[in-house]
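Structure data (CSV, C-alpha atoms and all ligand atoms) from structure-v5.csv:
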```csv
chain,number,residue,atom,x,y,z
A,2,MET,CA,-32.0,33.3,76.6
A,3,SER,CA,-30.8,29.8,76.9
A,4,ASN,CA,-30.1,27.7,80.0
A,5,ILE,CA,-32.4,29.8,82.1
A,6,LEU,CA,-35.6,28.8,83.9
A,7,ALA,CA,-37.9,31.4,85.4
A,8,SER,CA,-40.4,29.5,87.4
A,9,GLN,CA,-44.0,29.7,86.2
A,10,HIS,CA,-45.3,28.0,89.3
A,11,PRO,CA,-48.3,29.8,90.9
A,12,LEU,CA,-47.0,29.1,94.4
A,13,VAL,CA,-43.7,30.7,93.6
A,14,ALA,CA,-45.4,33.7,92.0
A,15,HIS,CA,-47.7,34.1,95.1
A,16,LYS,CA,-44.8,33.9,97.6
A,17,LEU,CA,-42.6,36.2,95.5
A,18,THR,CA,-45.3,38.9,95.5
A,19,ARG,CA,-45.3,38.8,99.3
A,20,LEU,CA,-41.5,38.8,99.4
A,21,ARG,CA,-41.3,42.0,97.2
A,22,ASP,CA,-43.9,43.9,99.4
A,23,LYS,CA,-42.0,46.5,101.4
A,24,HIS,CA,-44.4,45.9,104.3
A,25,THR,CA,-43.3,42.3,104.7
A,26,GLU,CA,-41.3,42.1,108.0
A,27,PRO,CA,-38.0,40.2,108.4
A,28,LYS,CA,-39.5,37.1,110.0
A,29,LYS,CA,-42.0,36.6,107.2
A,30,PHE,CA,-39.3,37.6,104.6
A,31,ARG,CA,-37.0,34.8,105.9
A,32,GLU,CA,-39.9,32.3,105.8
A,33,LEU,CA,-40.7,33.2,102.2
A,34,VAL,CA,-37.0,33.0,101.1
A,35,ARG,CA,-36.8,29.6,102.6
A,36,GLU,CA,-39.9,28.3,100.9
A,37,ILE,CA,-39.2,29.8,97.5
A,38,ALA,CA,-35.7,28.4,97.6
A,39,ALA,CA,-37.1,24.9,98.2
A,40,LEU,CA,-39.6,25.2,95.4
A,41,LEU,CA,-36.8,26.4,93.0
A,42,ALA,CA,-34.5,23.6,94.1
A,43,TYR,CA,-37.2,21.1,93.2
A,44,GLU,CA,-36.9,22.3,89.6
A,45,ALA,CA,-33.1,22.7,89.7
A,46,THR,CA,-32.5,19.2,90.8
A,47,ALA,CA,-34.8,17.5,88.3
A,48,ASP,CA,-31.9,16.0,86.3
A,49,LEU,CA,-29.8,14.7,89.2
A,50,ALA,CA,-28.4,11.3,88.5
A,51,VAL,CA,-29.6,8.3,90.5
A,52,VAL,CA,-28.4,4.7,90.9
A,53,PRO,CA,-30.4,1.6,91.6
A,54,ARG,CA,-30.8,0.5,95.3
A,55,GLU,CA,-32.3,-2.8,96.4
A,56,LEU,CA,-34.8,-2.8,99.2
A,57,GLU,CA,-37.5,-4.8,100.8
A,58,THR,CA,-41.0,-3.3,101.3
A,59,PRO,CA,-43.1,-5.1,103.9
A,60,LEU,CA,-44.5,-7.0,100.9
A,61,LEU,CA,-41.8,-7.5,98.4
A,62,ALA,CA,-38.1,-7.1,97.4
A,63,MET,CA,-37.8,-4.4,94.8
A,64,THR,CA,-35.3,-2.0,93.2
A,65,GLY,CA,-35.5,1.7,94.0
A,66,VAL,CA,-33.0,4.4,93.5
A,67,GLU,CA,-30.8,6.7,95.4
A,68,LEU,CA,-29.0,9.9,94.5
A,69,LYS,CA,-25.7,9.1,92.9
A,70,GLU,CA,-23.8,12.4,93.2
A,71,LYS,CA,-22.6,14.3,96.3
A,72,ILE,CA,-24.3,17.6,96.4
A,73,GLY,CA,-22.9,20.9,97.7
A,74,LEU,CA,-25.0,23.9,98.6
A,75,VAL,CA,-23.0,27.1,98.3
A,76,PRO,CA,-24.7,30.1,99.8
A,77,ILE,CA,-23.1,33.5,99.0
A,78,LEU,CA,-23.0,35.4,102.3
A,79,ARG,CA,-25.0,37.0,103.6
A,80,ALA,CA,-28.2,36.9,101.6
A,81,GLY,CA,-27.8,33.4,100.3
A,82,LEU,CA,-27.8,32.0,103.8
A,83,GLY,CA,-31.6,32.2,104.0
A,84,MET,CA,-31.9,29.9,101.0
A,85,VAL,CA,-30.0,27.0,102.6
A,86,GLU,CA,-32.4,25.6,105.2
A,87,GLY,CA,-35.4,24.9,102.9
A,88,ILE,CA,-33.2,23.1,100.4
A,89,TRP,CA,-31.2,21.3,103.0
A,90,GLU,CA,-34.4,19.8,104.4
A,91,LEU,CA,-34.9,18.2,101.0
A,92,MET,CA,-31.4,16.9,100.8
A,93,PRO,CA,-30.1,16.5,104.3
A,94,THR,CA,-26.9,14.7,103.2
A,95,ALA,CA,-25.7,17.8,101.1
A,96,GLU,CA,-22.6,19.6,102.3
A,97,VAL,CA,-22.8,23.4,102.8
A,98,TRP,CA,-19.8,25.5,101.7
A,99,HIS,CA,-20.1,29.2,102.4
A,100,ILE,CA,-18.5,31.9,100.1
A,101,GLY,CA,-18.3,35.4,101.6
A,102,LEU,CA,-18.6,38.2,99.0
A,103,TYR,CA,-20.0,41.7,99.3
A,104,ARG,CA,-20.5,44.3,96.6
A,105,ASP,CA,-18.3,47.4,96.7
A,106,GLU,CA,-20.8,50.2,96.8
A,107,LYS,CA,-18.9,52.4,94.3
A,108,THR,CA,-17.6,49.9,91.8
A,109,LEU,CA,-20.4,47.2,92.3
A,110,ARG,CA,-17.6,44.6,92.0
A,111,PRO,CA,-17.6,41.7,94.4
A,112,VAL,CA,-15.0,41.6,97.2
A,113,GLN,CA,-14.2,38.2,98.7
A,114,TYR,CA,-13.9,37.9,102.5
A,115,TYR,CA,-14.6,34.2,103.2
A,116,ASN,CA,-13.6,31.0,101.5
A,117,LYS,CA,-12.7,27.9,103.5
A,118,LEU,CA,-13.0,25.4,100.7
A,119,PRO,CA,-10.5,22.5,101.2
A,120,VAL,CA,-7.9,21.9,98.5
A,121,GLU,CA,-9.7,18.9,96.9
A,122,PRO,CA,-13.4,19.1,95.9
A,123,THR,CA,-15.6,17.0,98.2
A,124,VAL,CA,-18.8,17.3,96.1
A,125,SER,CA,-19.6,16.7,92.4
A,126,VAL,CA,-22.6,19.0,92.0
A,127,CYS,CA,-22.9,22.5,93.4
A,128,LEU,CA,-26.0,24.7,93.8
A,129,ILE,CA,-24.9,28.3,94.2
A,130,LEU,CA,-27.6,30.1,96.3
A,131,ASP,CA,-28.1,33.8,96.2
A,132,PRO,CA,-31.5,35.6,96.0
A,133,MET,CA,-30.3,38.4,93.8
A,134,LEU,CA,-28.6,38.2,90.4
A,135,ALA,CA,-28.0,41.9,89.8
A,136,THR,CA,-24.8,42.8,87.8
A,137,GLY,CA,-23.9,39.1,88.0
A,138,GLY,CA,-20.5,39.9,89.5
A,139,SER,CA,-21.0,37.8,92.7
A,140,ALA,CA,-22.5,34.9,90.8
A,141,VAL,CA,-19.6,34.9,88.2
A,142,ALA,CA,-17.0,35.2,90.9
A,143,THR,CA,-18.5,32.3,92.9
A,144,THR,CA,-18.7,30.1,89.8
A,145,ASP,CA,-15.1,30.9,89.0
A,146,ILE,CA,-14.1,29.8,92.6
A,147,LEU,CA,-16.1,26.5,92.3
A,148,LYS,CA,-14.7,25.7,88.8
A,149,ARG,CA,-11.1,26.3,90.2
A,150,TRP,CA,-12.0,24.0,93.1
A,151,GLY,CA,-12.7,21.3,90.4
A,152,VAL,CA,-16.5,21.1,90.4
A,153,LYS,CA,-17.8,20.1,87.0
A,154,LYS,CA,-21.6,20.5,87.5
A,155,ILE,CA,-22.7,23.9,88.8
A,156,LYS,CA,-26.2,25.5,88.9
A,157,PHE,CA,-27.2,28.9,90.1
A,158,VAL,CA,-30.4,29.1,92.1
A,159,GLY,CA,-31.6,32.7,92.7
A,160,ILE,CA,-34.9,34.4,93.3
A,161,ILE,CA,-34.8,37.6,91.2
A,162,GLY,CA,-32.5,38.1,88.2
A,163,ALA,CA,-31.9,41.3,86.2
A,164,PRO,CA,-31.2,41.0,82.4
A,165,GLU,CA,-27.7,42.4,83.0
A,166,GLY,CA,-26.8,39.7,85.5
A,167,ILE,CA,-28.2,36.9,83.5
A,168,ALA,CA,-26.2,38.2,80.4
A,169,ALA,CA,-23.0,38.4,82.5
A,170,MET,CA,-23.4,34.8,83.8
A,171,GLN,CA,-24.3,33.5,80.3
A,172,LYS,CA,-21.2,35.2,78.8
A,173,ALA,CA,-18.8,34.0,81.5
A,174,HIS,CA,-20.3,30.6,82.3
A,175,PRO,CA,-22.7,29.5,79.5
A,176,ASP,CA,-22.6,26.0,80.9
A,177,VAL,CA,-24.2,27.0,84.2
A,178,PRO,CA,-28.0,26.8,84.2
A,179,ILE,CA,-29.8,29.6,86.1
A,180,PHE,CA,-33.0,28.9,88.1
A,181,LEU,CA,-35.0,32.0,89.2
A,182,ALA,CA,-38.5,32.9,90.5
A,183,ALA,CA,-38.6,36.0,88.2
A,184,ILE,CA,-36.6,38.0,85.7
A,185,ASP,CA,-37.1,41.7,86.4
A,186,ASP,CA,-36.8,44.8,84.2
A,187,HIS,CA,-33.5,46.5,84.8
A,188,LEU,CA,-30.8,47.7,87.3
A,189,ASN,CA,-31.0,51.2,88.7
A,190,GLU,CA,-28.0,53.6,88.9
A,191,ARG,CA,-27.0,52.0,92.3
A,192,GLY,CA,-27.1,48.5,90.8
A,193,TYR,CA,-30.4,47.5,92.5
A,194,ILE,CA,-32.9,45.3,90.6
A,195,VAL,CA,-36.1,47.1,89.6
A,196,PRO,CA,-38.8,46.5,90.6
A,197,GLY,CA,-36.9,43.9,92.7
A,198,LEU,CA,-37.4,43.6,96.5
A,199,GLY,CA,-34.7,46.0,97.8
A,200,ASP,CA,-31.7,44.7,99.7
A,201,ALA,CA,-32.1,41.0,100.3
A,202,GLY,CA,-29.5,40.8,103.0
A,203,ASP,CA,-30.9,43.8,105.0
A,204,ARG,CA,-34.5,42.6,104.7
A,205,GLN,CA,-33.6,39.1,106.0
A,206,PHE,CA,-31.4,40.2,108.8
A,207,GLY,CA,-33.2,43.4,109.8
A,208,THR,CA,-30.2,45.6,109.2
A,209,GLY,CA,-31.7,48.0,106.6
A,301,LIG,C1,-26.1,41.2,97.3
A,301,LIG,C2,-26.8,39.9,96.9
A,301,LIG,C3,-25.7,39.3,95.9
A,301,LIG,C4,-25.2,40.5,95.3
A,301,LIG,C5,-25.8,40.6,93.9
A,301,LIG,O1,-25.2,41.0,98.3
A,301,LIG,O2,-27.1,39.0,97.9
A,301,LIG,O3,-24.7,38.6,96.6
A,301,LIG,O4,-25.6,41.7,96.1
A,301,LIG,O5,-25.2,41.7,93.2
A,301,LIG,P1,-24.3,41.4,91.9
A,301,LIG,O6,-25.1,40.5,91.1
A,301,LIG,O7,-24.3,42.8,91.4
A,301,LIG,O8,-23.0,40.9,92.3
A,301,LIG,P2,-24.5,42.2,99.1
A,301,LIG,O9,-23.3,42.6,98.4
A,301,LIG,O10,-25.5,43.3,99.3
A,301,LIG,O11,-24.1,41.6,100.4
A,301,LIG,P3,-25.0,40.9,101.6
A,301,LIG,O12,-25.6,39.7,101.0
A,301,LIG,O13,-24.0,40.6,102.6
A,301,LIG,O14,-26.0,42.0,102.0
A,302,LIG,N1,-28.4,43.1,96.0
A,302,LIG,C1,-29.6,43.2,96.6
A,302,LIG,O1,-29.8,42.8,97.8
A,302,LIG,N2,-30.7,43.7,95.9
A,302,LIG,C2,-30.5,44.2,94.7
A,302,LIG,O2,-31.5,44.7,94.1
A,302,LIG,C3,-29.3,44.1,94.1
A,302,LIG,C4,-28.2,43.6,94.7
```
If you convert what's in this file into structure tokens, what do you get?
Amino acid sequence: MSNILASQHPLVAHKLTRLRDKHTEPKKFRELVREIAALLAYEATADLAVVPRELETPLLAMTGVELKEKIGLVPILRAGLGMVEGIWELMPTAEVWHIGLYRDEKTLRPVQYYNKLPVEPTVSVCLILDPMLATGGSAVATTDILKRWGVKKIKFVGIIGAPEGIAAMQKAHPDVPIFLAAIDDHLNERGYIVPGLGDAGDRQFGTG
């Protein structure tokens, strides 16, 4: 598989194990989602462009750098919301644009219910945030929306991906790199990732 990075970082693996555990309660679950998202964002932003910036330290004038591009964080509602805060702390000037999608339980196809993107794009790089890449329908639909909006550089940051969802994204959007904490085995008959972690939205918001 090309264009995909499944983190090998021990901290990510440790936190993911606690996230998967069915005994992990929503407060801890949210904390883990936030922390894993920040660790993955560190890897996903390694190639961001920078420009020189002059400054003076207390000792000397020197040239440093600052981020060149305007970054957009795009959580897919609901479950992607929990990934925003940890990443936003690392890049407080990022804009956050929400996309509302839910999966139809029968067809497993994404249904859009929220999109308030302005006509013209306001960012040049977007990180799509969603913990679960299952059939890939939600990720593909969100990438479609962002490309139509005019964003040229898009990355998907998730926590667990199924081979089916990764294949769907790579077929529809081979130019979009995928950053995950783990690639799991398969989808079950209800479209859930196995072994996975269950329903990421319900476990964050205590609605399961
Ligand atoms: C979950 C998850 C993804 C989607 C993944 O959302 O957060 O958005 O399913 O599945 P897919 O790859 O097959 O599209 P869900 O529809 O459960 O909505 P929620 O986040 O509001 O709970
Ligand atoms: N959405 C989830 O929250 N979990 C899955 O395993 C698949 C889709």
Neighbours of ligand LIG 302 (chain A) within 12 Å, counting only C-alpha atoms and all ligand atoms, as a ChimeraX atom specification? /A:21,77-81,102-106,109-111,131-140,159-163,165-166,184-206,208-209
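Contact shell of Lys71 of chain A at 10 Å (all atoms listed in the file; same-chain neighbours under 2 positions omitted): A:Leu68, A:Lys69, A:Gly73, A:Thr94, A:Ala95, A:Glu96, A:Thr123, A:Val124, A:Ser125, A:Val126, A:Cys127.
Of the listed residues A:Gly83, A:Glu67, A:His10, A:Ile72, the one whose atoms come nearest to Arg31 of chain A is A:Gly83, with distances taken using only C-alpha atoms.
Nearest-residue note for Val158 of chain A: choosing from A:Met63, A:Ala182, A:Leu20, A:Ala50, the minimum distance belongs to A:Ala182, counting all atoms listed in the file.
Proximity to Glu86 of chain A at 10 Å, evaluated using only C-alpha atoms and with sequence-adjacent residues fewer than 2 positions away removed, yields Val34, Arg35, Glu36, Ala38, Ala39, Leu82, Gly83, Met84, Ile88, Trp89, Glu90, Leu91, Met92 and Pro93 of chain A.
Note that atom O1 of ligand LIG 301 (chain A) and atom CA of Val97 of chain A are 18.3 Å apart.
Taking atom CA of Asn116 of chain A and atom CA of Ile179 of chain A as endpoints, the distance between them is 22.4 Å.
Taking atom O13 of ligand LIG 301 (chain A) and atom CA of Ala173 of chain A as the two end points, the separation is 22.7 Å.
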